[in-house]
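**Q** What follows is a single structure, and I will ask about it in a moment.
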Amino acid sequence: LEVVSSVSSEINLGPLLNKIISAITKMLDAERSTLFVNDEKTNELYTVLGEGLGSTQLRLPNNVGIAGEVFQTRKPVNIPHAYADLRFNPSFDKQTGFFTRSILCTPVFNKEGKPIGVTQVLNKRGGPFTAEDEARLSAFTSQISIGVENAKLFDDIQNMKNYNESVLESMSNAVLTTDQEGKIITCNAAGLRMMGVESTAVVEKQVDEFFSGANEWVAQRANAVWATGNEDVIMDAELVTAGDNLSVNLTVLPLTGAKAERLGTMLMIEDVSEVKRLKSTMSRYMDPNRADEVMKSGELGGTASIATILFSDIRGFTDLTEELGAQGTVSLLNEYFTVMVECIQSEGGVLDKFVGDAIMAVFGGPSAHEDDPDRALRAALSMMAELATYNARRIGEGRKPVDHGIGLNTDSVVFGNLGSPRFMNYTLIGDGVNVASRLESACKQYGAHLLISELTFRELRATYRTREVDKVVVKGKTEPVGVYEVLDYHSPE
């Protein structure tokens, strides 16, 4: 009764098994005893503790040997002479350094009658085990089975808890949980690092108390999720921490139990400051729309699409560079590009690249609009108008004006990554690109500033002041292409 009472109060499997096997050994006047527990995941009988085993852990399939037979048949086995029984495996004696003479093995059942293990007692002093020993061991194991099952369940839960905690601690995102009263119960290591605080400054604090002042919005979101039971997500918000202001994504989830009861909330905070800085840096070297695509997909494959390509180039640039020198040339280009790129992006165009003093932009493709040819032409007209304003300012400052030519073409092109595995450039290629480049160059021969192809002309939805200039055979083509000059940028004079 004393042993059963102490067993009922023990929840840890190791100390519980220790008490049980000590009691069995003493009760049956045996040399050793072991309690094997069934592992349902591996279908193995194992013991974490046994007399004379030291740190040795025995594991065996639950259908092998004497213990396996008892577990499968659910019937006890009493063997007076172990080495005379073919079911006995002498290798265990070699493994443990013990000589087995007699064996008494009985199954251990839970309260539903399901076998959860076996008890094995070795070498009764003074002779073999009797029928009375069988009855006493069977009665004892029926009393302690509930304790064994509870301890095994607690062990499984503890392992699950340790597993979940390991997952949380290995995460790079901050994870906090609150209880029903809004008290913060847990905060993982990433959360402590992110917010620059010790555990004592977070755990056991009310969510309203910890997230206050500039961070009050976090507590408001958590309270709203607790009130409604609906998850909430906020992107790219500012979190003020002990070290710095961070850009974060916040996800708040309701926590529910097995019976759908409300347990609290979970807050997951993702630090996107580095991503935001990277995107900001990338946007300075490529179009922001493209930077978004690269950040989302990592790698971009090749896709064919209809697009309108715009080429522009400064006239007489070589002479300008000789007059201005290196610093003056860079200063001129930065001023010029700033004005022209704004015209392109205001119409939804994507800057593809700068080639010296030339600009290549695209309207359509992955970020297409229904009126891309019109958008491209409006951008080109805006570039001409802004160039006039820019030149008026330059002349007023005593500097030479700048002139340029623009070519537009609408055709099927291929978008994709080009380059080597070490360096890639997301760009577009195809005959449509080549024709736009040739049209920009042809502006010199026709004394024009803005030429568009017949393909672009046919796709325009609005009405513009145009005139047909010529039909030309572009290099690499056999069919002539109609060329139109657009005159809308001219003043009334």
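Residues are named by chain letter and number: chains run A, B, ... in the order of the structure tokens, numbers start at 1 in each chain, and ligands are numbered from 1 in the order shown.
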Do you know which residues are at most 10 Å from Phe211 in chain A counting only C-alpha atoms, after dropping those on the same chain fewer than 5 positions away, and could you put them as a list in words?

**A** Val202, Lys205, Gln206, Glu216, Trp217, Val218, Ala219, Gln220, Leu239 and Val240 of chain A

**Q** For the residues in that selection, give me N, CA, C and O atoms as a short mmCIF file (atom, residue, chain, number, x, y, z; two decimals), in the first residue's frame.

**A**
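Writing the result to out17.cif gives the following:
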```
data_model
loop_
_atom_site.label_atom_id
_atom_site.label_comp_id
_atom_site.auth_asym_id
_atom_site.auth_seq_id
_atom_site.Cartn_x
_atom_site.Cartn_y
_atom_site.Cartn_z
N VAL A 202 9.71 41.27 -19.91
CA VAL A 202 8.58 40.96 -20.81
C VAL A 202 7.60 40.00 -20.15
O VAL A 202 6.39 40.29 -20.06
N LYS A 205 4.32 40.45 -17.77
CA LYS A 205 3.82 41.81 -17.94
C LYS A 205 2.55 41.79 -18.77
O LYS A 205 2.38 40.95 -19.66
N GLN A 206 1.63 42.72 -18.49
CA GLN A 206 0.44 42.86 -19.32
C GLN A 206 0.85 43.37 -20.69
O GLN A 206 1.77 44.17 -20.83
N GLU A 216 2.03 51.24 -28.80
CA GLU A 216 0.68 50.94 -28.31
C GLU A 216 -0.16 50.22 -29.35
O GLU A 216 -1.07 49.44 -29.02
N TRP A 217 0.15 50.44 -30.62
CA TRP A 217 -0.61 49.81 -31.70
C TRP A 217 -0.55 48.29 -31.63
O TRP A 217 -1.49 47.60 -32.05
N VAL A 218 0.58 47.74 -31.11
CA VAL A 218 0.70 46.28 -30.99
C VAL A 218 -0.32 45.75 -29.98
O VAL A 218 -1.03 44.77 -30.24
N ALA A 219 -0.41 46.40 -28.82
CA ALA A 219 -1.38 45.98 -27.80
C ALA A 219 -2.81 46.13 -28.31
O ALA A 219 -3.66 45.27 -28.04
N GLN A 220 -3.08 47.18 -29.07
CA GLN A 220 -4.42 47.38 -29.62
C GLN A 220 -4.80 46.24 -30.56
O GLN A 220 -5.94 45.75 -30.53
N LEU A 239 8.25 49.54 -35.19
CA LEU A 239 8.33 49.10 -33.80
C LEU A 239 9.53 49.78 -33.16
O LEU A 239 10.67 49.65 -33.65
N VAL A 240 9.30 50.50 -32.08
CA VAL A 240 10.36 51.19 -31.37
C VAL A 240 10.96 50.24 -30.34
O VAL A 240 10.24 49.72 -29.48
#
```

**Q** What's around Leu387 in chain A at 10 Å? Count only C-alpha atoms, leave out sequence neighbours fewer than 5 positions away in its own chain, and write the answer as a compact mmCIF listing (two decimals) with N, CA, C and O atoms, in the first residue's frame.

**A**
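As a result, selection.txt now contains:
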```txt
# COMPACT_ATOMS: atom_id res chain seq x y z
N TYR A 336 20.04 65.34 -66.00
CA TYR A 336 19.22 64.94 -67.16
C TYR A 336 18.42 63.68 -66.86
O TYR A 336 17.20 63.62 -67.11
N VAL A 339 15.37 64.12 -64.52
CA VAL A 339 14.19 64.71 -65.17
C VAL A 339 13.50 63.68 -66.06
O VAL A 339 12.27 63.50 -66.02
N MET A 340 14.28 62.93 -66.86
CA MET A 340 13.70 62.01 -67.84
C MET A 340 13.07 60.78 -67.18
O MET A 340 12.01 60.31 -67.60
N LEU A 381 6.52 62.50 -75.05
CA LEU A 381 6.14 63.91 -75.21
C LEU A 381 6.49 64.71 -73.96
O LEU A 381 6.94 65.86 -74.05
N SER A 382 6.29 64.11 -72.80
CA SER A 382 6.65 64.77 -71.55
C SER A 382 8.16 64.98 -71.46
O SER A 382 8.63 66.02 -70.98
N ALA A 392 15.90 75.76 -70.84
CA ALA A 392 15.69 77.17 -70.51
C ALA A 392 16.44 77.53 -69.23
O ALA A 392 17.04 78.62 -69.12
N ARG A 393 16.44 76.60 -68.27
CA ARG A 393 17.17 76.83 -67.02
C ARG A 393 18.68 76.84 -67.27
O ARG A 393 19.41 77.67 -66.71
N PRO A 401 22.52 74.28 -74.04
CA PRO A 401 21.34 73.40 -74.00
C PRO A 401 21.71 71.98 -74.42
O PRO A 401 22.76 71.73 -75.01
N VAL A 402 20.81 71.05 -74.11
CA VAL A 402 20.98 69.63 -74.44
C VAL A 402 19.88 69.23 -75.42
O VAL A 402 18.74 69.66 -75.29
N ASP A 403 20.23 68.42 -76.39
CA ASP A 403 19.23 67.93 -77.34
C ASP A 403 19.25 66.40 -77.32
O ASP A 403 20.28 65.78 -77.02
N HIS A 404 18.11 65.79 -77.64
CA HIS A 404 18.07 64.33 -77.71
C HIS A 404 17.04 63.87 -78.73
O HIS A 404 16.19 64.63 -79.18
```

**Q** From a DSSP pass on the backbone, collect the residues of range 136-262 of chain A flagged as strand (DSSP E) and hand them back as JSON, numbers by chain.

**A** {"A": [174, 175, 176, 177, 178, 184, 185, 186, 187, 232, 233, 234, 235, 236, 237, 238, 239, 240, 245, 246, 247, 248, 249, 250, 251, 252, 253, 254, 255, 256, 262]}

**Q** Give me the residues within 10 Å of range 178-193 of chain A as a JSON list (two decimals) with N, CA, C and O atoms, in the first residue's frame, counting only C-alpha atoms and dropping any in the same chain fewer than 3 places off.

**A**
```json
[["chain", "number", "residue", "atom", "x", "y", "z"],
["A", 165, "GLU", "N", 9.42, 24.18, -27.78],
["A", 165, "GLU", "CA", 10.29, 25.25, -27.30],
["A", 165, "GLU", "C", 11.55, 25.36, -28.17],
["A", 165, "GLU", "O", 12.02, 26.47, -28.44],
["A", 166, "SER", "N", 12.07, 24.21, -28.59],
["A", 166, "SER", "CA", 13.25, 24.24, -29.46],
["A", 166, "SER", "C", 12.92, 24.91, -30.79],
["A", 166, "SER", "O", 13.74, 25.67, -31.33],
["A", 167, "VAL", "N", 11.73, 24.60, -31.32],
["A", 167, "VAL", "CA", 11.30, 25.24, -32.57],
["A", 167, "VAL", "C", 11.21, 26.75, -32.40],
["A", 167, "VAL", "O", 11.71, 27.53, -33.22],
["A", 168, "LEU", "N", 10.58, 27.18, -31.31],
["A", 168, "LEU", "CA", 10.42, 28.62, -31.05],
["A", 168, "LEU", "C", 11.77, 29.30, -30.88],
["A", 168, "LEU", "O", 12.00, 30.40, -31.39],
["A", 169, "GLU", "N", 12.67, 28.65, -30.14],
["A", 169, "GLU", "CA", 13.97, 29.26, -29.89],
["A", 169, "GLU", "C", 14.82, 29.34, -31.14],
["A", 169, "GLU", "O", 15.71, 30.19, -31.26],
["A", 170, "SER", "N", 14.59, 28.44, -32.10],
["A", 170, "SER", "CA", 15.38, 28.44, -33.33],
["A", 170, "SER", "C", 14.83, 29.41, -34.37],
["A", 170, "SER", "O", 15.47, 29.66, -35.38],
["A", 171, "MET", "N", 13.64, 29.97, -34.13],
["A", 171, "MET", "CA", 13.03, 30.88, -35.10],
["A", 171, "MET", "C", 13.72, 32.24, -35.07],
["A", 171, "MET", "O", 14.17, 32.70, -34.03],
["A", 172, "SER", "N", 13.78, 32.87, -36.23],
["A", 172, "SER", "CA", 14.35, 34.22, -36.31],
["A", 172, "SER", "C", 13.31, 35.28, -36.03],
["A", 172, "SER", "O", 13.65, 36.44, -35.81],
["A", 173, "ASN", "N", 12.02, 34.89, -36.06],
["A", 173, "ASN", "CA", 10.95, 35.84, -35.75],
["A", 173, "ASN", "C", 10.65, 35.84, -34.26],
["A", 173, "ASN", "O", 10.79, 34.81, -33.58],
["A", 174, "ALA", "N", 10.23, 36.98, -33.76],
["A", 174, "ALA", "CA", 9.82, 37.07, -32.36],
["A", 174, "ALA", "C", 8.44, 36.44, -32.20],
["A", 174, "ALA", "O", 7.55, 36.68, -33.00],
["A", 175, "VAL", "N", 8.28, 35.61, -31.15],
["A", 175, "VAL", "CA", 6.99, 34.97, -30.87],
["A", 175, "VAL", "C", 6.67, 35.18, -29.39],
["A", 175, "VAL", "O", 7.46, 34.80, -28.52],
["A", 196, "GLY", "N", 15.60, 44.00, -27.53],
["A", 196, "GLY", "CA", 16.70, 44.45, -26.69],
["A", 196, "GLY", "C", 16.38, 44.47, -25.21],
["A", 196, "GLY", "O", 16.76, 45.40, -24.50],
["A", 197, "VAL", "N", 15.67, 43.43, -24.72],
["A", 197, "VAL", "CA", 15.28, 43.38, -23.31],
["A", 197, "VAL", "C", 15.60, 42.02, -22.73],
["A", 197, "VAL", "O", 15.85, 41.05, -23.46],
["A", 198, "GLU", "N", 15.58, 41.93, -21.40],
["A", 198, "GLU", "CA", 15.71, 40.65, -20.70],
["A", 198, "GLU", "C", 14.34, 40.01, -20.55],
["A", 198, "GLU", "O", 13.30, 40.68, -20.66],
["A", 199, "SER", "N", 14.33, 38.72, -20.26],
["A", 199, "SER", "CA", 13.08, 37.99, -20.12],
["A", 199, "SER", "C", 12.20, 38.57, -19.02],
["A", 199, "SER", "O", 10.97, 38.65, -19.17],
["A", 201, "ALA", "N", 11.77, 41.52, -18.19],
["A", 201, "ALA", "CA", 11.11, 42.77, -18.59],
["A", 201, "ALA", "C", 9.87, 42.52, -19.44],
["A", 201, "ALA", "O", 9.09, 43.45, -19.67],
["A", 202, "VAL", "N", 9.71, 41.27, -19.91],
["A", 202, "VAL", "CA", 8.58, 40.96, -20.81],
["A", 202, "VAL", "C", 7.60, 40.00, -20.15],
["A", 202, "VAL", "O", 6.39, 40.29, -20.06],
["A", 203, "VAL", "N", 8.10, 38.84, -19.74],
["A", 203, "VAL", "CA", 7.24, 37.79, -19.20],
["A", 203, "VAL", "C", 6.55, 38.26, -17.92],
["A", 203, "VAL", "O", 7.16, 38.96, -17.10],
["A", 204, "GLU", "N", 5.29, 37.90, -17.79],
["A", 204, "GLU", "CA", 4.44, 38.27, -16.65],
["A", 204, "GLU", "C", 3.97, 39.73, -16.70],
["A", 204, "GLU", "O", 3.29, 40.19, -15.79],
["A", 205, "LYS", "N", 4.32, 40.45, -17.77],
["A", 205, "LYS", "CA", 3.82, 41.81, -17.94],
["A", 205, "LYS", "C", 2.55, 41.79, -18.77],
["A", 205, "LYS", "O", 2.38, 40.95, -19.66],
["A", 206, "GLN", "N", 1.63, 42.72, -18.49],
["A", 206, "GLN", "CA", 0.44, 42.86, -19.32],
["A", 206, "GLN", "C", 0.85, 43.37, -20.69],
["A", 206, "GLN", "O", 1.77, 44.17, -20.83],
["A", 207, "VAL", "N", 0.16, 42.91, -21.73],
["A", 207, "VAL", "CA", 0.52, 43.31, -23.09],
["A", 207, "VAL", "C", 0.37, 44.82, -23.25],
["A", 207, "VAL", "O", 1.15, 45.47, -23.96],
["A", 208, "ASP", "N", -0.62, 45.43, -22.55],
["A", 208, "ASP", "CA", -0.79, 46.89, -22.60],
["A", 208, "ASP", "C", 0.36, 47.60, -21.90],
["A", 208, "ASP", "O", 0.72, 48.72, -22.27],
["A", 209, "GLU", "N", 0.92, 46.95, -20.91],
["A", 209, "GLU", "CA", 2.00, 47.55, -20.14],
["A", 209, "GLU", "C", 3.31, 47.52, -20.91],
["A", 209, "GLU", "O", 4.07, 48.50, -20.93],
["A", 210, "PHE", "N", 3.59, 46.38, -21.56],
["A", 210, "PHE", "CA", 4.86, 46.25, -22.28],
["A", 210, "PHE", "C", 4.84, 47.02, -23.60],
["A", 210, "PHE", "O", 5.79, 47.72, -23.93],
["A", 219, "ALA", "N", -0.41, 46.40, -28.82],
["A", 219, "ALA", "CA", -1.38, 45.98, -27.80],
["A", 219, "ALA", "C", -2.81, 46.13, -28.31],
["A", 219, "ALA", "O", -3.66, 45.27, -28.04],
["A", 222, "ALA", "N", -3.53, 43.17, -30.50],
["A", 222, "ALA", "CA", -3.68, 41.95, -29.71],
["A", 222, "ALA", "C", -5.02, 41.93, -28.99],
["A", 222, "ALA", "O", -5.71, 40.90, -28.95],
["A", 223, "ASN", "N", -5.44, 43.06, -28.44],
["A", 223, "ASN", "CA", -6.73, 43.13, -27.74],
["A", 223, "ASN", "C", -7.89, 42.95, -28.71],
["A", 223, "ASN", "O", -8.91, 42.34, -28.37],
["A", 226, "TRP", "N", -8.21, 39.26, -29.44],
["A", 226, "TRP", "CA", -8.83, 38.57, -28.31],
["A", 226, "TRP", "C", -10.34, 38.83, -28.27],
["A", 226, "TRP", "O", -11.13, 37.92, -27.98],
["A", 241, "THR", "N", 12.26, 49.97, -30.42],
["A", 241, "THR", "CA", 12.94, 49.05, -29.50],
["A", 241, "THR", "C", 14.03, 49.80, -28.75],
["A", 241, "THR", "O", 14.30, 50.97, -29.01],
["A", 242, "ALA", "N", 14.68, 49.07, -27.84],
["A", 242, "ALA", "CA", 15.74, 49.69, -27.05],
["A", 242, "ALA", "C", 16.93, 50.07, -27.92],
["A", 242, "ALA", "O", 17.66, 51.02, -27.61],
["A", 243, "GLY", "N", 17.13, 49.33, -29.02],
["A", 243, "GLY", "CA", 18.28, 49.61, -29.86],
["A", 243, "GLY", "C", 18.00, 50.52, -31.03],
["A", 243, "GLY", "O", 18.79, 51.42, -31.34],
["A", 254, "PRO", "N", -5.43, 34.07, -32.56],
["A", 254, "PRO", "CA", -6.06, 33.59, -31.33],
["A", 254, "PRO", "C", -5.58, 32.19, -30.99],
["A", 254, "PRO", "O", -5.40, 31.36, -31.88],
["A", 255, "LEU", "N", -5.36, 31.92, -29.72],
["A", 255, "LEU", "CA", -4.96, 30.59, -29.26],
["A", 255, "LEU", "C", -6.19, 29.89, -28.69],
["A", 255, "LEU", "O", -6.89, 30.44, -27.85],
["A", 262, "ARG", "N", -11.07, 29.54, -25.53],
["A", 262, "ARG", "CA", -10.12, 30.62, -25.76],
["A", 262, "ARG", "C", -9.03, 30.57, -24.69],
["A", 262, "ARG", "O", -9.31, 30.62, -23.49],
["A", 263, "LEU", "N", -7.78, 30.50, -25.12],
["A", 263, "LEU", "CA", -6.66, 30.41, -24.19],
["A", 263, "LEU", "C", -5.84, 31.70, -24.12],
["A", 263, "LEU", "O", -5.17, 31.96, -23.13],
["A", 264, "GLY", "N", -5.87, 32.49, -25.19],
["A", 264, "GLY", "CA", -5.07, 33.72, -25.24],
["A", 264, "GLY", "C", -4.77, 34.07, -26.67],
["A", 264, "GLY", "O", -5.52, 33.74, -27.59],
["A", 265, "THR", "N", -3.65, 34.76, -26.89],
["A", 265, "THR", "CA", -3.24, 35.16, -28.25],
["A", 265, "THR", "C", -1.77, 34.88, -28.45],
["A", 265, "THR", "O", -1.00, 34.73, -27.50],
["A", 266, "MET", "N", -1.38, 34.80, -29.71],
["A", 266, "MET", "CA", 0.02, 34.67, -30.07],
["A", 266, "MET", "C", 0.40, 35.81, -31.01],
["A", 266, "MET", "O", -0.33, 36.08, -31.97],
["A", 267, "LEU", "N", 1.51, 36.46, -30.72],
["A", 267, "LEU", "CA", 2.00, 37.56, -31.55],
["A", 267, "LEU", "C", 3.30, 37.12, -32.21],
["A", 267, "LEU", "O", 4.23, 36.68, -31.54],
["A", 268, "MET", "N", 3.35, 37.18, -33.54],
["A", 268, "MET", "CA", 4.56, 36.87, -34.28],
["A", 268, "MET", "C", 5.04, 38.14, -34.97],
["A", 268, "MET", "O", 4.30, 38.76, -35.73],
["A", 269, "ILE", "N", 6.27, 38.55, -34.66],
["A", 269, "ILE", "CA", 6.82, 39.79, -35.18],
["A", 269, "ILE", "C", 8.02, 39.46, -36.07],
["A", 269, "ILE", "O", 8.99, 38.85, -35.62],
["A", 270, "GLU", "N", 7.92, 39.85, -37.33],
["A", 270, "GLU", "CA", 9.00, 39.61, -38.30],
["A", 270, "GLU", "C", 9.72, 40.93, -38.59],
["A", 270, "GLU", "O", 9.09, 41.90, -39.00],
["A", 271, "ASP", "N", 11.01, 40.94, -38.36],
["A", 271, "ASP", "CA", 11.82, 42.13, -38.63],
["A", 271, "ASP", "C", 12.15, 42.19, -40.12],
["A", 271, "ASP", "O", 12.88, 41.35, -40.64]]
```

**Q** Applying 8 Å and only C-alpha atoms, which residues near Ala380 in chain A remain after dropping the ones on its own chain fewer than 2 positions away? List them as a VMD selection string.

**A** chain A and resid 310 343 to 344 376 to 378 382 to 384 406 450

**Q** Which residue is closest to Leu104 in chain A? Choose from A:Gln72, A:Thr47, A:Thr34, A:Ser412 and count only C-alpha atoms.

**A** A:Thr34

**Q** Skipping near chain neighbours, those fewer than 5 positions away, what residues fall within 12 Å of range 134-137 of chain A using only C-alpha atoms, listed as a ChimeraX atom specification?

**A** /A:20-21,23-30,33,35,75-79,103-108,118-121,124,128-129,142-145

**Q** Taking N, CA, C and O atoms for each residue, export the selection above as a tab-separated table (two decimals), in the first residue's frame.

**A**
```tsv
chain	number	residue	atom	x	y	z
A	20	ILE	N	9.14	1.30	-8.64
A	20	ILE	CA	8.41	0.07	-8.97
A	20	ILE	C	9.33	-1.15	-8.95
A	20	ILE	O	9.02	-2.18	-8.33
A	21	ILE	N	10.47	-1.06	-9.63
A	21	ILE	CA	11.33	-2.25	-9.70
A	21	ILE	C	11.95	-2.56	-8.35
A	21	ILE	O	12.18	-3.74	-8.03
A	23	ALA	N	10.42	-2.11	-5.51
A	23	ALA	CA	9.33	-2.76	-4.76
A	23	ALA	C	9.12	-4.19	-5.21
A	23	ALA	O	8.94	-5.11	-4.41
A	24	ILE	N	9.17	-4.41	-6.52
A	24	ILE	CA	8.94	-5.77	-7.05
A	24	ILE	C	10.06	-6.70	-6.61
A	24	ILE	O	9.82	-7.85	-6.19
A	25	THR	N	11.29	-6.22	-6.74
A	25	THR	CA	12.43	-7.05	-6.35
A	25	THR	C	12.33	-7.47	-4.89
A	25	THR	O	12.56	-8.64	-4.53
A	26	LYS	N	11.97	-6.52	-4.05
A	26	LYS	CA	11.86	-6.82	-2.61
A	26	LYS	C	10.68	-7.72	-2.33
A	26	LYS	O	10.75	-8.67	-1.53
A	27	MET	N	9.55	-7.46	-2.99
A	27	MET	CA	8.32	-8.19	-2.72
A	27	MET	C	8.45	-9.66	-3.10
A	27	MET	O	7.95	-10.56	-2.40
A	28	LEU	N	9.13	-9.95	-4.22
A	28	LEU	CA	9.24	-11.32	-4.71
A	28	LEU	C	10.56	-11.97	-4.32
A	28	LEU	O	10.84	-13.09	-4.75
A	29	ASP	N	11.38	-11.27	-3.52
A	29	ASP	CA	12.66	-11.81	-3.07
A	29	ASP	C	13.49	-12.29	-4.25
A	29	ASP	O	13.97	-13.42	-4.31
A	30	ALA	N	13.62	-11.40	-5.26
A	30	ALA	CA	14.36	-11.73	-6.48
A	30	ALA	C	15.67	-10.92	-6.52
A	30	ALA	O	15.91	-10.04	-5.69
A	33	SER	N	14.78	-6.92	-11.29
A	33	SER	CA	13.51	-6.79	-12.00
A	33	SER	C	13.59	-5.58	-12.92
A	33	SER	O	14.34	-4.63	-12.67
A	35	LEU	N	11.05	-3.11	-15.67
A	35	LEU	CA	9.74	-2.81	-16.24
A	35	LEU	C	9.98	-2.21	-17.63
A	35	LEU	O	10.61	-1.17	-17.78
A	75	LYS	N	-0.34	-12.84	-21.85
A	75	LYS	CA	-0.35	-13.88	-20.82
A	75	LYS	C	1.02	-13.94	-20.14
A	75	LYS	O	2.05	-13.82	-20.81
A	76	PRO	N	1.04	-14.17	-18.80
A	76	PRO	CA	2.32	-14.23	-18.10
A	76	PRO	C	3.10	-15.49	-18.47
A	76	PRO	O	2.54	-16.49	-18.91
A	77	VAL	N	4.41	-15.43	-18.30
A	77	VAL	CA	5.30	-16.56	-18.56
A	77	VAL	C	6.18	-16.75	-17.32
A	77	VAL	O	6.79	-15.81	-16.82
A	78	ASN	N	6.22	-18.01	-16.84
A	78	ASN	CA	7.05	-18.37	-15.68
A	78	ASN	C	8.03	-19.45	-16.13
A	78	ASN	O	7.62	-20.58	-16.44
A	79	ILE	N	9.32	-19.12	-16.21
A	79	ILE	CA	10.35	-20.04	-16.70
A	79	ILE	C	11.29	-20.38	-15.55
A	79	ILE	O	12.05	-19.51	-15.09
A	103	ILE	N	12.87	-16.84	-14.66
A	103	ILE	CA	12.24	-15.62	-15.19
A	103	ILE	C	10.74	-15.68	-14.90
A	103	ILE	O	10.08	-16.70	-15.13
A	104	LEU	N	10.21	-14.55	-14.41
A	104	LEU	CA	8.77	-14.37	-14.31
A	104	LEU	C	8.44	-13.07	-15.05
A	104	LEU	O	8.95	-12.01	-14.70
A	105	CYS	N	7.59	-13.18	-16.07
A	105	CYS	CA	7.27	-12.01	-16.91
A	105	CYS	C	5.76	-11.89	-17.04
A	105	CYS	O	5.08	-12.86	-17.41
A	106	THR	N	5.21	-10.72	-16.69
A	106	THR	CA	3.75	-10.51	-16.77
A	106	THR	C	3.46	-9.23	-17.55
A	106	THR	O	4.24	-8.26	-17.49
A	107	PRO	N	2.32	-9.20	-18.25
A	107	PRO	CA	1.97	-7.97	-18.98
A	107	PRO	C	1.44	-6.90	-18.02
A	107	PRO	O	0.92	-7.21	-16.95
A	108	VAL	N	1.58	-5.64	-18.45
A	108	VAL	CA	1.03	-4.50	-17.71
A	108	VAL	C	-0.03	-3.87	-18.58
A	108	VAL	O	0.22	-3.52	-19.74
A	118	VAL	N	5.58	-4.66	-20.08
A	118	VAL	CA	5.71	-5.92	-19.35
A	118	VAL	C	6.66	-5.72	-18.17
A	118	VAL	O	7.55	-4.87	-18.21
A	119	THR	N	6.43	-6.52	-17.13
A	119	THR	CA	7.33	-6.54	-15.98
A	119	THR	C	8.09	-7.87	-15.99
A	119	THR	O	7.47	-8.94	-16.13
A	120	GLN	N	9.40	-7.80	-15.85
A	120	GLN	CA	10.23	-9.01	-15.91
A	120	GLN	C	11.06	-9.08	-14.63
A	120	GLN	O	11.80	-8.16	-14.30
A	121	VAL	N	10.91	-10.22	-13.90
A	121	VAL	CA	11.63	-10.42	-12.64
A	121	VAL	C	12.55	-11.63	-12.82
A	121	VAL	O	12.14	-12.66	-13.37
A	124	LYS	N	14.61	-15.72	-8.62
A	124	LYS	CA	14.06	-15.75	-7.27
A	124	LYS	C	15.03	-16.53	-6.36
A	124	LYS	O	15.52	-17.60	-6.72
A	128	PRO	N	12.54	-21.56	-8.05
A	128	PRO	CA	11.79	-20.89	-9.12
A	128	PRO	C	10.63	-20.07	-8.55
A	128	PRO	O	10.22	-20.23	-7.40
A	129	PHE	N	10.06	-19.23	-9.41
A	129	PHE	CA	8.90	-18.44	-9.02
A	129	PHE	C	7.68	-19.35	-8.92
A	129	PHE	O	7.49	-20.27	-9.72
A	142	SER	N	-1.31	-4.36	-11.79
A	142	SER	CA	-2.62	-3.75	-12.08
A	142	SER	C	-2.82	-2.48	-11.26
A	142	SER	O	-3.52	-1.56	-11.69
A	143	GLN	N	-2.20	-2.42	-10.08
A	143	GLN	CA	-2.31	-1.23	-9.24
A	143	GLN	C	-1.44	-0.08	-9.76
A	143	GLN	O	-1.81	1.08	-9.66
A	144	ILE	N	-0.28	-0.43	-10.30
A	144	ILE	CA	0.65	0.63	-10.68
A	144	ILE	C	0.54	1.02	-12.16
A	144	ILE	O	1.22	1.93	-12.62
A	145	SER	N	-0.35	0.35	-12.92
A	145	SER	CA	-0.44	0.61	-14.36
A	145	SER	C	-0.89	2.05	-14.64
A	145	SER	O	-0.42	2.68	-15.60
```

**Q** DSSP on the backbone: which residues in range 153-393 of chain A end up as alpha helix (DSSP H)? Give the answer as an MDAnalysis selection string.

**A** chainID A and resid 153:170 189:195 207:210 216:228 273:283 288:297 317:346 372:393

**Q** Can you pull out every residue within 6 Å of range 58-68 of chain A, counting only C-alpha atoms, but drop anything in the same chain fewer than 5 positions away, and send it as a PyMOL selection string?

**A** chain A and resi 43-47+87

**Q** Interatomic distance between CA of Arg101 in chain A and CA of Val70 in chain A?

**A**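 Computing the Euclidean distance for CA of Arg101 in chain A and CA of Val70 in chain A yields 18.3 Å.
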
**Q** Could you tell me how far CA of Gly113 in chain A sits from CA of Gln158 in chain A, in Å to one decimal place?

**A**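 The value is 25.0 Å.
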
**Q** What separation in Å, quoted to one decimal, exists between CA of Asp352 in chain A and CA of Val433 in chain A?

**A**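 Taking CA of Asp352 in chain A and CA of Val433 in chain A, their separation equals 11.4 Å.
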
**Q** Using only C-alpha atoms for the distances, tell me which of A:Met235, A:His449, A:Ala258, A:Gly349 is nearest to Asp313 in chain A.

**A**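 The answer is A:His449, which sits nearest to Asp313 in chain A.
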